[in-house]
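Structure file upload.cif (mmCIF, C-alpha atoms) follows.
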```
data_coords
loop_
_atom_site.label_atom_id
_atom_site.label_comp_id
_atom_site.auth_asym_id
_atom_site.auth_seq_id
_atom_site.Cartn_x
_atom_site.Cartn_y
_atom_site.Cartn_z
CA MET A 1017 73.11 73.61 23.21
CA LEU A 1018 72.55 75.12 19.77
CA MET A 1019 72.72 72.77 16.80
CA HIS A 1020 72.39 73.64 13.13
CA ALA A 1021 71.58 71.67 9.98
CA ILE A 1022 73.46 72.54 6.79
CA SER A 1023 72.43 70.97 3.48
CA THR A 1024 75.19 71.04 0.87
CA GLY A 1025 73.05 70.39 -2.16
CA LYS A 1026 70.95 67.30 -2.81
CA VAL A 1027 71.22 63.75 -4.08
CA LYS A 1028 68.81 61.31 -5.64
CA ILE A 1029 69.45 57.59 -5.61
CA THR A 1030 67.90 54.58 -7.24
CA GLN A 1031 65.05 53.08 -5.28
CA ASN A 1032 67.02 49.85 -4.92
CA TRP A 1033 69.86 51.93 -3.45
CA GLN A 1034 67.55 53.36 -0.81
CA VAL A 1035 66.03 49.95 -0.01
CA GLY A 1036 68.15 47.05 -1.19
CA ARG A 1037 66.72 44.11 -3.12
CA GLY A 1038 68.33 40.69 -3.35
CA SER A 1039 71.46 39.38 -1.65
CA GLY A 1040 75.17 39.19 -2.31
CA ALA A 1041 76.43 40.58 -5.62
CA LEU A 1042 72.87 40.62 -7.00
CA ARG A 1043 71.93 43.25 -4.40
CA LEU A 1044 74.53 45.67 -5.74
CA ILE A 1045 73.67 44.91 -9.36
CA ASN A 1046 69.99 45.61 -8.68
CA THR A 1047 71.02 48.89 -7.07
CA LEU A 1048 73.09 50.09 -10.01
CA VAL A 1049 70.84 49.06 -12.92
CA ASP A 1050 67.59 50.31 -11.37
CA SER A 1051 65.97 53.05 -13.50
CA ARG A 1052 63.63 54.27 -10.73
CA PHE A 1053 64.88 57.14 -8.57
CA THR A 1054 63.89 58.71 -5.29
CA ASP A 1055 62.98 62.36 -5.04
CA TRP A 1056 65.86 64.74 -4.38
CA LEU A 1057 67.17 64.19 -0.85
CA PRO A 1058 69.15 66.61 1.35
CA ILE A 1059 72.82 66.07 2.16
CA TYR A 1060 72.99 67.23 5.76
CA CYS A 1061 76.01 68.23 7.79
CA TRP A 1062 75.59 69.29 11.39
CA VAL A 1063 77.10 72.04 13.55
CA ILE A 1064 77.10 71.78 17.34
CA GLU A 1065 77.85 74.86 19.44
CA HIS A 1066 79.42 73.08 22.40
CA PRO A 1067 80.94 74.93 25.39
CA GLU A 1068 84.22 73.07 24.80
CA GLY A 1069 84.46 74.04 21.15
CA LEU A 1070 82.62 74.03 17.85
CA ILE A 1071 81.85 70.56 16.48
CA VAL A 1072 80.98 69.68 12.88
CA VAL A 1073 79.57 66.28 11.88
CA ASP A 1074 80.27 65.40 8.22
CA THR A 1075 81.09 67.86 5.44
CA GLY A 1076 78.74 67.16 2.51
CA ILE A 1077 79.66 67.37 -1.17
CA PRO A 1078 81.88 69.74 -3.17
CA ALA A 1079 80.62 71.85 -6.08
CA ASN A 1080 82.34 69.50 -8.56
CA ALA A 1081 80.67 66.37 -7.17
CA ASN A 1082 79.21 65.43 -10.57
CA ASP A 1083 82.49 65.72 -12.50
CA PRO A 1084 83.27 62.43 -14.29
CA ILE A 1085 85.49 60.09 -12.29
CA TRP A 1086 87.19 57.49 -14.46
CA PHE A 1087 88.98 55.50 -11.80
CA PRO A 1088 87.97 53.14 -10.39
CA PRO A 1089 86.38 51.96 -13.68
CA HIS A 1090 82.97 51.33 -12.10
CA MET A 1091 82.73 54.85 -10.64
CA ARG A 1092 80.75 56.20 -13.59
CA ILE A 1093 78.08 53.54 -12.96
CA LEU A 1094 77.90 54.60 -9.31
CA GLN A 1095 77.64 58.26 -10.33
CA ARG A 1096 74.72 57.46 -12.64
CA ALA A 1097 72.90 55.75 -9.77
CA ALA A 1098 73.45 58.66 -7.35
CA PRO A 1099 73.65 62.06 -9.11
CA PHE A 1100 74.09 65.24 -7.09
CA GLN A 1101 72.54 68.68 -7.34
CA ILE A 1102 74.65 71.59 -6.12
CA ALA A 1103 74.48 75.07 -7.63
CA SER A 1104 77.92 76.48 -6.82
CA GLY A 1105 80.73 76.63 -4.31
CA GLU A 1106 78.51 78.85 -2.16
CA GLU A 1107 76.58 75.70 -1.21
CA GLU A 1108 79.71 73.99 0.12
CA ILE A 1109 80.04 73.74 3.86
CA GLY A 1110 82.75 76.42 4.24
CA PRO A 1111 80.70 79.35 2.87
CA GLN A 1112 77.59 78.09 4.67
CA LEU A 1113 79.47 78.10 7.99
CA LYS A 1114 80.37 81.74 7.33
CA ARG A 1115 76.71 82.58 6.81
CA LEU A 1116 76.02 81.11 10.25
CA GLY A 1117 78.66 83.43 11.69
CA PHE A 1118 81.49 80.88 11.97
CA SER A 1119 84.77 80.25 10.26
CA SER A 1120 85.95 76.74 9.49
CA ASP A 1121 89.01 77.71 11.55
CA ASP A 1122 86.68 78.00 14.57
CA VAL A 1123 85.94 74.25 14.43
CA ARG A 1124 87.67 72.25 17.15
CA TRP A 1125 86.43 68.79 16.15
CA LEU A 1126 85.32 67.39 12.80
CA LEU A 1127 83.55 64.06 13.24
CA LEU A 1128 83.11 61.92 10.12
CA THR A 1129 80.45 59.23 10.23
CA HIS A 1130 82.18 57.60 7.25
CA LEU A 1131 84.27 58.48 4.22
CA HIS A 1132 81.83 58.31 1.30
CA GLN A 1133 82.08 61.35 -0.94
CA ASP A 1134 78.81 62.95 0.18
CA HIS A 1135 80.12 63.00 3.75
CA ASP A 1136 83.78 63.95 3.28
CA GLY A 1137 83.48 66.21 0.21
CA GLY A 1138 84.10 69.42 2.18
CA ILE A 1139 86.96 68.14 4.28
CA GLN A 1140 89.44 70.59 2.70
CA TYR A 1141 87.90 73.40 4.77
CA PHE A 1142 88.98 71.82 8.06
CA ARG A 1143 92.77 71.56 7.93
CA ASN A 1144 93.04 73.11 11.42
CA ALA A 1145 90.41 70.94 13.12
CA GLU A 1146 90.99 67.64 14.88
CA VAL A 1147 89.40 65.09 12.55
CA LEU A 1148 88.03 61.91 14.12
CA ILE A 1149 87.26 58.75 12.12
CA SER A 1150 86.89 55.15 13.20
CA ARG A 1151 90.05 53.13 12.67
CA THR A 1152 88.05 50.46 10.83
CA GLU A 1153 86.69 53.02 8.36
CA TRP A 1154 90.12 54.54 7.75
CA GLN A 1155 91.64 51.15 7.06
CA ALA A 1156 88.81 50.22 4.67
CA ALA A 1157 89.10 53.53 2.81
CA SER A 1158 92.87 53.74 2.45
CA GLY A 1159 95.12 52.79 -0.43
CA PHE A 1160 94.34 51.04 -3.69
CA LYS A 1161 91.82 48.70 -2.05
CA GLY A 1162 89.89 51.67 -0.66
CA ARG A 1163 89.88 53.41 -4.03
CA MET A 1164 88.54 50.27 -5.72
CA GLY A 1165 85.83 50.23 -3.06
CA GLY A 1166 84.63 53.66 -4.19
CA TYR A 1167 86.44 55.82 -1.64
CA LEU A 1168 87.89 58.92 -3.30
CA ASN A 1169 90.91 58.90 -1.02
CA GLN A 1170 92.99 61.08 -3.36
CA ARG A 1171 90.96 64.02 -2.03
CA TRP A 1172 92.38 63.68 1.47
CA SER A 1173 95.92 62.38 0.96
CA TRP A 1174 97.05 65.15 3.36
CA LEU A 1175 94.73 64.03 6.16
CA LYS A 1176 96.15 62.72 9.44
CA PRO A 1177 93.04 61.96 11.50
CA LYS A 1178 92.65 60.74 15.04
CA LEU A 1179 91.60 57.12 14.64
CA ILE A 1180 89.01 55.89 17.10
CA ASP A 1181 89.04 52.49 18.77
CA PHE A 1182 85.89 52.19 20.83
CA PRO A 1183 86.14 51.29 24.54
CA PRO A 1184 83.30 49.15 25.94
CA ASP A 1185 79.95 50.93 26.11
CA HIS A 1186 79.08 51.59 29.75
CA GLU A 1187 75.43 51.93 28.68
CA GLY A 1188 75.49 48.40 27.28
CA ILE A 1189 73.66 49.32 24.06
CA PHE A 1190 76.40 49.68 21.46
CA SER A 1191 79.47 47.49 21.09
CA GLY A 1192 81.65 50.42 22.13
CA ARG A 1193 81.57 54.10 23.02
CA PHE A 1194 84.15 56.88 22.78
CA THR A 1195 83.39 59.95 24.89
CA LEU A 1196 84.64 63.11 23.19
CA THR A 1197 84.00 65.90 25.68
CA GLU A 1198 85.14 66.45 29.25
CA ARG A 1199 81.51 67.11 30.17
CA GLY A 1200 80.73 63.59 29.00
CA ASP A 1201 77.86 64.66 26.77
CA VAL A 1202 79.16 63.91 23.26
CA HIS A 1203 79.86 60.31 22.32
CA LEU A 1204 80.93 58.40 19.22
CA VAL A 1205 79.47 54.90 18.82
CA PRO A 1206 80.11 52.25 16.16
CA THR A 1207 77.20 51.70 13.78
CA PRO A 1208 78.75 49.59 10.99
CA GLY A 1209 76.95 48.06 8.04
CA HIS A 1210 76.48 50.81 5.47
CA SER A 1211 80.26 51.03 5.52
CA ALA A 1212 82.79 48.93 7.40
CA GLY A 1213 83.60 51.51 10.05
CA HIS A 1214 80.52 53.73 10.07
CA LEU A 1215 79.98 55.61 13.34
CA SER A 1216 77.24 57.80 14.79
CA VAL A 1217 77.45 60.78 17.14
CA ILE A 1218 75.28 61.02 20.26
CA VAL A 1219 74.73 64.32 22.07
CA ASP A 1220 73.19 64.00 25.53
CA GLU A 1221 70.97 66.97 26.39
CA GLY A 1222 69.75 65.56 29.68
CA THR A 1223 66.09 64.78 29.07
CA HIS A 1224 66.81 63.39 25.61
CA GLN A 1225 69.59 62.44 23.24
CA VAL A 1226 70.28 63.54 19.68
CA ILE A 1227 71.94 61.00 17.38
CA PHE A 1228 73.58 62.15 14.17
CA ALA A 1229 73.34 58.83 12.40
CA GLY A 1230 74.92 59.29 8.98
CA ASP A 1231 73.64 56.55 6.68
CA THR A 1232 72.47 53.97 9.23
CA SER A 1233 69.25 54.40 7.27
CA TYR A 1234 68.18 57.08 4.84
CA THR A 1235 65.10 58.13 6.80
CA GLN A 1236 63.51 57.52 10.18
CA ASP A 1237 60.67 55.61 8.52
CA LEU A 1238 63.21 53.23 6.98
CA LEU A 1239 64.81 52.75 10.40
CA LEU A 1240 61.43 51.79 11.84
CA ALA A 1241 60.86 49.44 8.89
CA HIS A 1242 64.26 47.74 9.44
CA SER A 1243 65.20 48.46 5.82
CA VAL A 1244 68.79 47.98 4.65
CA ASP A 1245 70.16 49.99 1.74
CA GLY A 1246 71.44 48.50 -1.49
CA VAL A 1247 75.12 49.43 -1.07
CA ALA A 1248 75.63 48.24 2.51
CA VAL A 1249 78.88 46.32 2.84
CA ASP A 1250 77.29 44.17 5.56
CA ALA A 1251 73.48 43.99 5.62
CA ALA A 1252 73.38 42.01 8.88
CA ALA A 1253 75.61 44.55 10.60
CA GLU A 1254 73.44 47.42 9.36
CA LEU A 1255 70.34 45.75 10.78
CA ASP A 1256 72.17 45.22 14.08
CA SER A 1257 73.19 48.89 14.19
CA GLN A 1258 69.60 49.94 13.52
CA GLN A 1259 68.34 47.71 16.32
CA ARG A 1260 70.84 49.22 18.75
CA ILE A 1261 69.60 52.70 17.86
CA LEU A 1262 66.01 51.58 18.42
CA THR A 1263 67.04 50.10 21.78
CA LEU A 1264 68.50 53.49 22.70
CA ALA A 1265 65.25 55.17 21.63
CA GLN A 1266 63.26 52.85 23.89
CA ALA A 1267 65.48 53.69 26.86
CA VAL A 1268 65.54 57.49 26.47
CA PRO A 1269 63.82 59.95 24.10
CA THR A 1270 66.06 60.01 21.03
CA ILE A 1271 66.04 62.44 18.13
CA TYR A 1272 67.21 60.43 15.14
CA LEU A 1273 68.96 62.43 12.42
CA PRO A 1274 70.25 60.52 9.40
CA SER A 1275 71.97 62.57 6.73
CA HIS A 1276 69.42 62.29 3.92
CA ASP A 1277 66.05 62.49 5.68
CA PRO A 1278 63.98 65.46 4.44
CA ASP A 1279 62.30 65.65 7.86
CA ALA A 1280 65.52 65.62 9.92
CA GLU A 1281 65.97 69.39 10.16
CA ARG A 1282 62.44 69.79 11.54
CA ARG A 1283 62.95 66.99 14.06
CA LEU A 1284 66.13 68.66 15.27
CA ALA A 1285 64.46 72.07 15.63
CA GLN A 1286 61.49 70.60 17.52
CA ARG A 1287 63.51 67.90 19.34
CA ASP A 1288 60.96 65.40 18.01
CA PRO A 1289 61.99 61.89 19.14
CA VAL A 1290 61.52 58.49 17.56
CA PRO A 1291 57.87 57.58 18.34
CA VAL A 1292 57.96 55.27 21.35
CA ILE A 1293 54.43 53.96 20.73
CA THR A 1294 55.59 52.62 17.35
CA LEU A 1295 58.54 50.91 18.99
CA MET A 1296 56.30 49.36 21.63
CA GLN A 1297 53.98 48.03 18.93
CA GLN A 1298 56.93 46.54 17.04
CA SER A 1299 58.25 44.74 20.13
CA ALA A 1300 54.82 43.45 21.21
#
```
This structure in structure tokens:
Amino acid sequence: MLMHAISTGKVKITQNWQVGRGSGALRLINTLVDSRFTDWLPIYCWVIEHPEGLIVVDTGIPANANDPIWFPPHMRILQRAAPFQIASGEEEIGPQLKRLGFSSDDVRWLLLTHLHQDHDGGIQYFRNAEVLISRTEWQAASGFKGRMGGYLNQRWSWLKPKLIDFPPDHEGIFSGRFTLTERGDVHLVPTPGHSAGHLSVIVDEGTHQVIFAGDTSYTQDLLLAHSVDGVAVDAAAELDSQQRILTLAQAVPTIYLPSHDPDAERRLAQRDPVPVITLMQQSA
């Protein structure tokens, strides 16, 4: 199965955003006032050439991602703590799909790990695709409450997604599992914490599995370090989601692909799994 990484520009975040410091409201305050920034990080979307139809995971940012947003009132503070770098509309996901030889109209399924603006910013290209989002995420992101929580839901007022409730996980690793394809090789699993209804996408390639993990952590190293980010709505849930991913990686070779890891594209190309020896040392 062919899979492609598309980076729609870059983002840099405060160091306390990448690895949270403190608890409760102090954790978020530390994130927003921090003057230290990471290097520029990719904003990956993923394209899966599946026999049952083209699948896209997340949509990246739009070219106007840095335009001032004045509502909710705290949005300018968030924008300062996470500025974007995108040259033009040619870096948006639609034109990049064309350069791969696809049209956004070719996409059967659009899978959104969550509805933060660096993951849903290209959603306008996919009006003909079936869009899947967890019901919990949709409920958290909708209406005035969602907007006050930082979701830019005015961008997708037209959207009527398929909302996912997760049946029990027959593998017994995640709290639920929704199987997308008739072949039974593409699954959506709940990985909450970074956002209320965050999900990840697992593709089973037989000898190994590929997990498109959104923002369950910003890098594989941070996953292995059990580090929680500074904007997680539920730090305990994020740690639990990370542990479930590590449990999967111990059971079967797993290529872990979060959205902002500079090494993720290489790991996908080489099918380089989470290092089992490191996991064994951690559990010893």
Next on the checklist: To one decimal place in Å, what is the distance between CA of Gly1192 in chain A and CA of Ala1253 in chain A?
Outcome noted: 14.3 Å
Checklist entry - How would you write, as number ranges by chain, the residues chosen by the PyMOL selection byres ((chain A and resi 1017) around 10) on this structure? => result A: 1018-1019, 1064-1067, 1219-1221
May I have the residues from that selection written out with C-alpha atoms, as a PDB file, keeping the file's coordinate frame?
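Saved to again_4.pdb:
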```pdb
ATOM      1  CA  LEU A1018      72.550  75.120  19.770  1.00  0.00           C
ATOM      2  CA  MET A1019      72.720  72.770  16.800  1.00  0.00           C
ATOM      3  CA  ILE A1064      77.100  71.780  17.340  1.00  0.00           C
ATOM      4  CA  GLU A1065      77.850  74.860  19.440  1.00  0.00           C
ATOM      5  CA  HIS A1066      79.420  73.080  22.400  1.00  0.00           C
ATOM      6  CA  PRO A1067      80.940  74.930  25.390  1.00  0.00           C
ATOM      7  CA  VAL A1219      74.730  64.320  22.070  1.00  0.00           C
ATOM      8  CA  ASP A1220      73.190  64.000  25.530  1.00  0.00           C
ATOM      9  CA  GLU A1221      70.970  66.970  26.390  1.00  0.00           C
TER      10      GLU A1221
END
```
Item to check | Distance query 12 Å from (87.3, 69.4, 2.9) using only C-alpha atoms, result as a PyMOL selection string | outcome: chain A and resi 1072+1074-1079+1108-1111+1120+1126+1128+1131+1133-1145+1147+1169-1175
Checklist entry - CA of Ser1243 in chain A and CA of Gln1258 in chain A are how many Å apart? => result 9.0 Å
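When you apply the PyMOL selection byres ((chain A and resi 1095) around 10) to this structure, what comes back is A:Ile1029, A:Leu1048, A:Ala1081, A:Asn1082, A:Asp1083, A:Pro1084, A:Ile1085, A:His1090, A:Met1091, A:Arg1092, A:Ile1093, A:Leu1094, A:Arg1096, A:Ala1097, A:Ala1098, A:Pro1099, A:Phe1100.
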Checklist entry - Hey, can you check how far CA of His1224 in chain A sits from CA of Asp1201 in chain A? => result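 Rounded to one decimal, the two atoms are 11.2 Å apart.
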Checklist entry - Hey, what's within 9 Å of Arg1193 in chain A if we count only C-alpha atoms and toss same-chain stuff fewer than 6 positions away? As a list in words, please? => result Asp1181, Phe1182, Pro1183, Pro1184, Asp1185, His1186, Glu1187, His1203, Leu1204, Val1205 and Pro1206 of chain A
Item to check | Result set, the PyMOL selection byres ((chain A and resi 1149) around 7) on current file, as a PyMOL selection string | outcome: chain A and resi 1127-1128+1147-1148+1150-1151+1153-1154+1177-1180
Checklist entry - Which one of A:Ser1211, A:Leu1070, A:Thr1263, A:Pro1088 sits closest to Arg1163 in chain A if you count only C-alpha atoms? => result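 Among the listed residues, A:Pro1088 lies closest to Arg1163 in chain A.
With all atoms listed in the file as the basis for measurement, A:Trp1033 is the residue among A:Leu1168, A:Trp1033, A:Tyr1234, A:Val1063 that approaches Val1049 in chain A most closely.
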Enclosing box along x, y and z for every listed atom of range 1024-1028 of chain A, padded 4 Å each side, centre and size in Å, one decimal, as AutoDock Vina command-line options:
```
--center_x 72.0 --center_y 66.2 --center_z -2.4 --size_x 14.4 --size_y 17.7 --size_z 14.5
```
